[in-house]
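*Asks:* Next up is a structure, given as structure tokens.
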Amino acid sequence: MTAGTAASTAPTAAKPGTKTTKPASAASQAAQADARSEAEAAAHALLRRLDAAKHSWAKTTPEERVALLHAVKDAIMPVAEDWVSTACRNKQIPVGSPLEGEEWFSGPYALLSACNNFIGTLEAMDGGSVAASLPRRRLRNGQTAVRVVPHTLWDRLLLSGIHAEVWMQPGIDSADVNERAAQAYATPADAREGRVALVLGAGNIAAIPLLDTLQKLLVENQVVLLKLNPVNDYLLPFFEAAFKPLIDRDSLAVIPGDAALGAWACEHDLVEEIHVTGAGSTHDAIVWGKGTDGERRRQAGTPLNSRRITSELGAVCPTIVVPGPWSTDDVRYQAEQIATQKLHNGGHNCVSCQTLIMPEGWDQAQDLLDGFRTVVASAGERGVYYPGAKDRLGAFADRAASGSGVERLRRGASQELLLTTFDSDADGQHEVFAPAMNIKWLEGSVPAAFLEAAIDFANDRLEGTLGANIVIHPATRRAIGEARFEELIGKLAYGEIAINAWTGVNFLAVALPWGGFPGTTPEDVGSGIGVVHNTFMLEGVERSVLEAPWRPFPRGLLSGSFALMPKPPWFVTHRRAAAVGRQLTRFAHRPSLLKIPGIFLNVLRD
């Protein structure tokens with residue numbers, strides 16, 4: 001979930017930064033060269049096996065794929081506990097902390113959810129279009145919106161009050177949605193041809209490389225060499241165990257290795273497509289090369305690597321707080337929501353809130369910020385584990401020192417979150433990928449005018465188009481008017497939008513396509529090209545829009561909301577998050593109504 005990205009194991013260091021090391025001795029250099037040769041030879045052998053099996057994989061039937069996904073689900077459970085505990089240890093999450101829930105949700109649970117959703121889609125192929133059962137509506141601008149959440153009984157129970165739509169690109173009508181869905185399956189099985197894809201995995205969120213792999217295997221009919229990021233290659237044995245049914249039939253291979261091996265694989269003759277999760281610099285190094293030669297190629301439009309390359313590359317993501325008549329409880333709850341957007345995974349997420357756009361003159365603005373500070377101080381301590389984060393925090397503080405200065409919010413006994421005011425365009429052009437956040441103040445006396453100005457600011461001044469959040473009171477939304485509000489959402493040029501929620505939930509709701517706003521090019525790649533997840537296999541998507549209740553159950557009943565969603569267990573303040581994460585993982589393995597009461601009880605015990 002977060003959603004999120006990290007530095008890819010491609011030719012550049014990307015988000016992690018680099019470490020200064022002493023020159024290696026001649027013997028050490030020779031040993032490193034031997035190790036590289038062995039790693040390349042092993043990867044080459046795996047690529048040959050994948051290449052030999054690629055057409056066979058493309059011809060597998062939906063029924064065969066359903067059986068394999070059930071086998072994957074069964075293979076996950078024996079390693080889930082060790083998977084999560086290993087991830088927590090490496091991310092410096094204290095043993096027994098509720099923060100362990102993050103690793104359940106963004107690891108085994110997310111993978112199991114994707115398997116369940118893909119199974120449902122594949123089973124629906126016998127009945128015609130996989131999208132035929134999805135409700136849809138015509139937006140006021142003529143675009144088609146397809147509702148994908150809730151879709152099942154489990155959605156309605158476990159995500160009560162949350163609903164999400166996929167807005168299709170202009171010109172795609174309701175009939176087109178049906179015809180274009182699951183295009184990889186439109187060709188008769190015996191006529192399909194496969195391809196070999198290289199997936200360069202993210203280092204921050206366990207589910208990212210796994211879901212990227214399922215995208216290639218199931219939506220695009222490609223076999224996959226998954227190259228893990230050195231940051232989280234400790235997960236290799238768990239990934240191999242979980243995906244053993246696919247590995248055994250030569251549809252997938254998983255390898256560790258450094259950036260040099262990633263660069264070698266990008267140029268391998270048997271690699272036909274590449275998917276990378278990382279930074280724009282990583283993508284550009286793959287496509288154009290490094291340094292002045294790379295820039296010259298980019299300007300000339302003559303790529304060094306002309307393969308089809310899809311990507312998810314992060315952004316400077318905003319949260320827009322619209323002024324309104326908030327109660328004291330509303331302020332407290334939304335402070336927890338915004339703190340979660342920043343602190344989940346220690347701030348090492350591609351959709352982590354980096355710019356909080358606030359209404360100047362709103363009488364509750366300082367109350368909200370004070371509530372945010374309180375949550376940060378009490379939300380649980382963890383280290384800054386991601387390579388390069390401390391250097392990026394230093395650079396962030398240096399930029400702030402030349403402007404309005406920086407506020408250092410304590411996180412536990414020894415950690416900090418840096419908070420500063422957005423002073424210049426430079427504040428919006430660097431994804432920090434660490435616990436730091438800007439505040440941008442805009443005139444906020446009229447909610448509709450403020451929201452429009454905030455959207456223009458986000459579109460024009462912040463780098464990337466991956467995720468944006470809007471926090472808005474229902475009464476304020478009614479005053480703006482549904483037609484005007486929908487029009488404003490249509491102006492917000494982000495691939496993932498969350499209303500009274502965080503776009504990390506978009507990531508977790510794997511039915512939603514995940515990626516930046518369309519229209520980018522290899523020359524100006526922005527937040528990336530293409531989408532992943534997308535378990536209904538929709539084609540021609542523009543954005544995903546998810547909405548959550550303004551207030552949690554039972555307090556929401558007082559405002560006319562009958563949703564049963566309490567404070568979400570993915571909040572960094574939820575004291576039962578680890579227990580709920582474990583329960584939901586077991587539920588996703590074998591859904592049952594009998595498991596629902598126990599989950600509800602733990603969520604409500606926060």
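Naming works like this for the structure tokens: A, B, ... for the chains as they're shown, residue 1 at the start of each chain, ligands 1 onward in shown order.
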Quick one: residues within 12 Å of Gly526 of chain A, only C-alpha atoms counted, chain neighbours fewer than 3 positions away excluded, as a ChimeraX atom specification?

*Replies:* /A:278-284,310-316,429,431,462-466,493-495,515-523,529-530

*Asks:* What lies within 9 Å of Glu381 of chain A using only C-alpha atoms, ignoring chain neighbours under 2 positions off, as a count of residues only?

*Replies:* 12

*Asks:* Which neighbours of segment 471-473 of chain A fall inside 9 Å, counting only C-alpha atoms, when residues of the same chain fewer than 6 positions from it are skipped, and could you give them as a count of residues only?

*Replies:* 15

*Asks:* Please provide the set of residues having any atom within 9 Å of Arg136 of chain A, restricted to only C-alpha atoms, with same-chain residues fewer than 3 positions apart removed, written as a PyMOL selection string.

*Replies:* chain A and resi 144-147+165+174

*Asks:* Using only C-alpha atoms, which of A:Ala241, A:Glu416, A:Thr355, A:Lys595 sits nearest His430 of chain A?

*Replies:* A:Thr355

*Asks:* Go through A:Leu153, A:Val219, A:Thr374, A:Gly194 one by one, measure the shortest atom-to-atom distance of each to Val531 of chain A using only C-alpha atoms, and give the residue with the smallest value.

*Replies:*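 Closest to Val531 of chain A of all the choices is A:Val219.
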
*Asks:* Using only C-alpha atoms, which residue out of A:Pro569, A:Gly394, A:Gly262, A:Pro435 lies closest to Leu409 of chain A?

*Replies:*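 Nearest to Leu409 of chain A: A:Pro435.
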
*Asks:* For Thr121 of chain A, which of A:Ala181, A:Ile599, A:Cys266, A:Met168 is the closest residue, counting only C-alpha atoms?

*Replies:*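 For Thr121 of chain A, the nearest of the candidates is A:Ala181.
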
*Asks:* Skipping near chain neighbours, those fewer than 3 positions away, what residues fall within 8 Å of Arg392 of chain A using only C-alpha atoms, listed as a PyMOL selection string?

*Replies:* chain A and resi 388-389+395-396+432-434

*Asks:* I'd like to know which of A:Ala67, A:Val505, A:Met565, A:Ala400 is closest to Leu122 of chain A, using only C-alpha atoms.

*Replies:* A:Ala67

*Asks:* Which is closest to Gln222 of chain A among A:Gln169, A:Thr187, A:Ser56, A:Ser113, if we use only C-alpha atoms?

*Replies:*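 Among A:Gln169, A:Thr187, A:Ser56, A:Ser113, it is A:Ser56 that comes nearest to Gln222 of chain A.
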